[in-house]
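This report refers to the structure that appears directly beneath it.
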Amino acid sequence: MRTSTGNQATHGSDGNSGAVGSAKAAGAQEKPGSAGGPARARSRGLVLALISAFAFGSSGVAAKPLITAGLDPLHVTWLRAAGAALVMLPVAWRHRRLPLRRPALLAGFGLLAVAGVQACYFAAISRIPVGVALLVEYLAPALVLGWVRFVQRKPVTRAAACGVLLAVVGLTCVVEVWSGLRFDPVGLAPALGAACCQVGYFVLSDHGGDGAEAADPLGVIAYGLLIGAVLLTAVTRPWEMDWAVLGGSAHMGGAEVPAVWLLVWIVLVATVLAYLTGVLSVRRLSPQVAGVVACLEAVIATVLAWVLLGEHLSAPQIVGGAVVLAGALVAQSSTPRRDRPDEG
């Protein structure tokens, strides 16, 4: 997910939510003449969504050694956003007219998809267990279905609804929510805020691809990261960071790994690649399919933490991962309904 930059590597992936769905196209039919047809669009979208889920899911296992070495989780989050924004600066310059054409889209993407989900998530885990916070945040696919059904007043497929239900049940086992179950409204509120920010990511990613004035996904991601990095600077106070940690090594599963290599992975793979493939999958999948695939981020993060960090993988987590996968398989049987031709 988009928010697993921290000691939650065994439960989720960062944040920041991966493959996402198209919140505007739930009721539209794809044109018969679309290049490749619905099957080709769906297969490409699923591949992109899975890549995004893996990339987001890998962030926790790369971030945890840095935190163990002495970096604050919020500082790792800032390094992630700021580093990715720096990488995308040439892209932002290439699309320098985009802020004039789509200022609200870019501001919303930076505020919700980059900064909002991170800030809300860390506020939540300061009060409630990580597993509970992740489970609440991953209610986002269900909230997207509610948005499509009740706000946009478009039909939701039965397969999608069943897939979301299975995914939520499976995630309950993956994060072992019962291990720290307690009611804390102050902690649950920002967790719900993180879920709502993920919904904003879903909606804005799809909205950016609409019409003749469709925004290039590279430009959206570049400016979103820039705006998000600026907003996170005010929250994380990076000037207080122990920069010397990045010059040393971090312990990962019995091996010493240069800390800067882990940071490079977080920036290039778990952020730039993850957001890029996630936004592109939005242009090809329905919210039902991609939203459920995004739930695989938590499963991927849990498995990677088991393999790379030697962390325990319990029987309920294995069963829960299988249920989440079943939910994704059920949801993908819902044909994506698009009124835009297949891109690329």
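Note on naming: chains are A, B, ... as they come in the structure tokens, residues start from 1 per chain, ligands start from 1 in the order shown.
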
_Can you pull out the residues contacting Ala326 of chain A? Cut-off 8 Å, using only C-alpha atoms, and skip same-chain residues under 5 positions away; I want them as a list of chain:residue names._
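Within the cut-off, the hits are A:Gly163, A:Leu166, A:Ala167.
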
_Could you list, as a VMD selection string, every residue within 12 Å of Leu309 of chain A, counting only C-alpha atoms and ignoring same-chain residues fewer than 5 positions away?_
chain A and resid 7 9 to 10 58 60 to 65 68 250 to 256 301 to 304

*asked:* Residues near Gly228 of chain A, anyone? I mean within 9 Å using only C-alpha atoms, not counting same-chain ones fewer than 4 positions away, as an MDAnalysis selection string.
replied: chainID A and resid 81:82 85 107 109:116 223:224 232:233

If you run DSSP on the backbone here, which positions in segment 137-179 of chain A get alpha helix (DSSP H)? Please write them as a compact mmCIF listing (two decimals) with all heavy atoms, in the first residue's frame.
# COMPACT_ATOMS: atom_id res chain seq x y z
N GLU A 137 -7.87 1.32 6.54
CA GLU A 137 -7.46 1.99 5.30
C GLU A 137 -7.86 1.19 4.07
O GLU A 137 -8.25 1.76 3.04
CB GLU A 137 -5.94 2.22 5.30
CG GLU A 137 -5.48 2.96 4.07
CD GLU A 137 -3.98 3.23 4.08
OE1 GLU A 137 -3.35 3.03 5.13
OE2 GLU A 137 -3.47 3.63 3.02
N ALA A 140 -10.98 1.18 1.55
CA ALA A 140 -11.09 2.09 0.42
C ALA A 140 -11.79 1.47 -0.80
O ALA A 140 -12.64 2.12 -1.41
CB ALA A 140 -9.71 2.62 0.02
N PRO A 141 -11.48 0.22 -1.21
CA PRO A 141 -12.20 -0.35 -2.35
C PRO A 141 -13.71 -0.41 -2.13
O PRO A 141 -14.49 -0.15 -3.07
CB PRO A 141 -11.60 -1.76 -2.48
CG PRO A 141 -10.23 -1.63 -1.91
CD PRO A 141 -10.37 -0.66 -0.78
N ALA A 142 -14.13 -0.71 -0.90
CA ALA A 142 -15.57 -0.71 -0.61
C ALA A 142 -16.13 0.70 -0.69
O ALA A 142 -17.26 0.90 -1.19
CB ALA A 142 -15.82 -1.31 0.77
N LEU A 143 -15.37 1.68 -0.23
CA LEU A 143 -15.83 3.06 -0.31
C LEU A 143 -15.92 3.54 -1.76
O LEU A 143 -16.80 4.33 -2.11
CB LEU A 143 -14.88 3.98 0.47
CG LEU A 143 -14.82 3.74 1.99
CD1 LEU A 143 -13.80 4.68 2.63
CD2 LEU A 143 -16.18 3.93 2.62
N VAL A 144 -15.02 3.02 -2.60
CA VAL A 144 -15.09 3.37 -4.02
C VAL A 144 -16.38 2.84 -4.63
O VAL A 144 -17.05 3.52 -5.41
CB VAL A 144 -13.87 2.82 -4.78
CG1 VAL A 144 -14.06 2.97 -6.28
CG2 VAL A 144 -12.61 3.57 -4.37
N LEU A 145 -16.73 1.60 -4.27
CA LEU A 145 -17.99 1.04 -4.78
C LEU A 145 -19.17 1.88 -4.32
O LEU A 145 -20.13 2.11 -5.08
CB LEU A 145 -18.16 -0.40 -4.30
CG LEU A 145 -17.17 -1.43 -4.82
CD1 LEU A 145 -17.58 -2.82 -4.38
CD2 LEU A 145 -17.06 -1.37 -6.33
N GLY A 146 -19.11 2.35 -3.07
CA GLY A 146 -20.16 3.22 -2.58
C GLY A 146 -20.22 4.53 -3.35
O GLY A 146 -21.31 5.05 -3.64
N ARG A 158 -22.08 -7.64 -9.31
CA ARG A 158 -22.12 -8.55 -8.17
C ARG A 158 -20.74 -9.16 -7.91
O ARG A 158 -20.34 -9.35 -6.76
CB ARG A 158 -23.15 -9.65 -8.45
CG ARG A 158 -23.35 -10.62 -7.30
CD ARG A 158 -24.46 -11.60 -7.61
NE ARG A 158 -25.72 -10.92 -7.85
CZ ARG A 158 -26.83 -11.53 -8.23
NH1 ARG A 158 -26.83 -12.83 -8.44
NH2 ARG A 158 -27.94 -10.84 -8.41
N ALA A 159 -20.02 -9.47 -8.98
CA ALA A 159 -18.68 -10.04 -8.81
C ALA A 159 -17.76 -9.07 -8.08
O ALA A 159 -16.96 -9.48 -7.23
CB ALA A 159 -18.09 -10.40 -10.17
N ALA A 160 -17.89 -7.79 -8.40
CA ALA A 160 -17.04 -6.80 -7.74
C ALA A 160 -17.37 -6.71 -6.26
O ALA A 160 -16.48 -6.65 -5.41
CB ALA A 160 -17.22 -5.44 -8.41
N ALA A 161 -18.66 -6.69 -5.93
CA ALA A 161 -19.06 -6.60 -4.53
C ALA A 161 -18.58 -7.82 -3.75
O ALA A 161 -18.08 -7.70 -2.62
CB ALA A 161 -20.57 -6.46 -4.43
N CYS A 162 -18.71 -9.00 -4.33
CA CYS A 162 -18.24 -10.23 -3.67
C CYS A 162 -16.72 -10.20 -3.50
O CYS A 162 -16.19 -10.63 -2.47
CB CYS A 162 -18.66 -11.45 -4.47
SG CYS A 162 -20.44 -11.78 -4.45
N GLY A 163 -16.02 -9.71 -4.52
CA GLY A 163 -14.57 -9.63 -4.44
C GLY A 163 -14.10 -8.72 -3.32
O GLY A 163 -13.17 -9.04 -2.58
N VAL A 164 -14.76 -7.56 -3.17
CA VAL A 164 -14.41 -6.63 -2.09
C VAL A 164 -14.67 -7.27 -0.73
O VAL A 164 -13.86 -7.17 0.19
CB VAL A 164 -15.21 -5.32 -2.24
CG1 VAL A 164 -15.09 -4.48 -0.98
CG2 VAL A 164 -14.71 -4.53 -3.44
N LEU A 165 -15.82 -7.96 -0.61
CA LEU A 165 -16.14 -8.61 0.66
C LEU A 165 -15.09 -9.65 1.03
O LEU A 165 -14.61 -9.71 2.17
CB LEU A 165 -17.53 -9.25 0.57
CG LEU A 165 -18.01 -10.00 1.82
CD1 LEU A 165 -18.09 -9.03 3.00
CD2 LEU A 165 -19.36 -10.65 1.56
N LEU A 166 -14.71 -10.48 0.06
CA LEU A 166 -13.68 -11.48 0.32
C LEU A 166 -12.35 -10.83 0.69
O LEU A 166 -11.65 -11.31 1.59
CB LEU A 166 -13.49 -12.37 -0.92
CG LEU A 166 -14.57 -13.43 -1.19
CD1 LEU A 166 -14.34 -14.07 -2.55
CD2 LEU A 166 -14.56 -14.48 -0.08
N ALA A 167 -12.01 -9.75 0.00
CA ALA A 167 -10.74 -9.08 0.27
C ALA A 167 -10.70 -8.52 1.69
O ALA A 167 -9.69 -8.63 2.39
CB ALA A 167 -10.51 -7.96 -0.74
N VAL A 168 -11.80 -7.91 2.13
CA VAL A 168 -11.84 -7.34 3.48
C VAL A 168 -11.72 -8.45 4.53
O VAL A 168 -10.99 -8.33 5.52
CB VAL A 168 -13.13 -6.53 3.69
CG1 VAL A 168 -13.28 -6.12 5.15
CG2 VAL A 168 -13.12 -5.28 2.81
N VAL A 169 -12.44 -9.57 4.32
CA VAL A 169 -12.36 -10.70 5.25
C VAL A 169 -10.93 -11.25 5.28
O VAL A 169 -10.37 -11.54 6.35
CB VAL A 169 -13.35 -11.80 4.85
CG1 VAL A 169 -13.12 -13.06 5.68
CG2 VAL A 169 -14.79 -11.32 5.03
N GLY A 170 -10.33 -11.42 4.10
CA GLY A 170 -8.96 -11.93 4.04
C GLY A 170 -7.97 -11.01 4.72
O GLY A 170 -7.06 -11.46 5.43
N LEU A 171 -8.13 -9.69 4.53
CA LEU A 171 -7.22 -8.74 5.15
C LEU A 171 -7.32 -8.76 6.67
O LEU A 171 -6.33 -8.51 7.37
CB LEU A 171 -7.51 -7.32 4.63
CG LEU A 171 -6.97 -7.01 3.23
CD1 LEU A 171 -7.50 -5.69 2.74
CD2 LEU A 171 -5.45 -7.00 3.24
N THR A 172 -8.51 -9.06 7.18
CA THR A 172 -8.67 -9.18 8.62
C THR A 172 -7.72 -10.25 9.17
O THR A 172 -7.13 -10.09 10.25
CB THR A 172 -10.13 -9.56 8.96
OG1 THR A 172 -11.00 -8.56 8.43
CG2 THR A 172 -10.32 -9.64 10.47
N CYS A 173 -7.54 -11.33 8.41
CA CYS A 173 -6.62 -12.39 8.83
C CYS A 173 -5.17 -12.01 8.57
O CYS A 173 -4.28 -12.29 9.39
CB CYS A 173 -6.95 -13.69 8.08
SG CYS A 173 -8.60 -14.34 8.42
N VAL A 174 -4.91 -11.36 7.43
CA VAL A 174 -3.52 -11.01 7.09
C VAL A 174 -2.92 -10.08 8.13
O VAL A 174 -1.77 -10.25 8.55
CB VAL A 174 -3.48 -10.35 5.69
CG1 VAL A 174 -2.09 -9.77 5.42
CG2 VAL A 174 -3.83 -11.37 4.61

*Would you mind telling me which residue in A:Ser126, A:Gly70, A:Leu46, A:Leu79 lies nearest to Leu329 of chain A when using only C-alpha atoms?*
A:Leu46

*Could you check how far atom CA of Ala194 of chain A sits from atom CA of Ala322 of chain A, in Å to one decimal?*
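Rounded to one decimal, the two atoms are 25.0 Å apart.
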
*asked:* With DSSP run on the backbone, what are the strand (DSSP E) residues within segment 56-275 of chain A? I'd like them as a ChimeraX atom specification.
replied: /A:249-252,255-258

Keeping only C-alpha atoms, take the residues you just selected and write them out as a short mmCIF file (atom, residue, chain, number, x, y, z; two decimals), in the first residue's frame.
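Result written to result-v5.cif:
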data_model
loop_
_atom_site.label_atom_id
_atom_site.label_comp_id
_atom_site.auth_asym_id
_atom_site.auth_seq_id
_atom_site.Cartn_x
_atom_site.Cartn_y
_atom_site.Cartn_z
CA SER A 249 24.62 0.03 6.35
CA ALA A 250 21.31 -1.46 7.42
CA HIS A 251 20.58 -4.99 8.60
CA MET A 252 18.23 -7.00 6.35
CA ALA A 255 22.90 -9.34 5.64
CA GLU A 256 24.31 -5.84 5.73
CA VAL A 257 22.92 -3.68 2.93
CA PRO A 258 24.05 -0.12 2.11
#
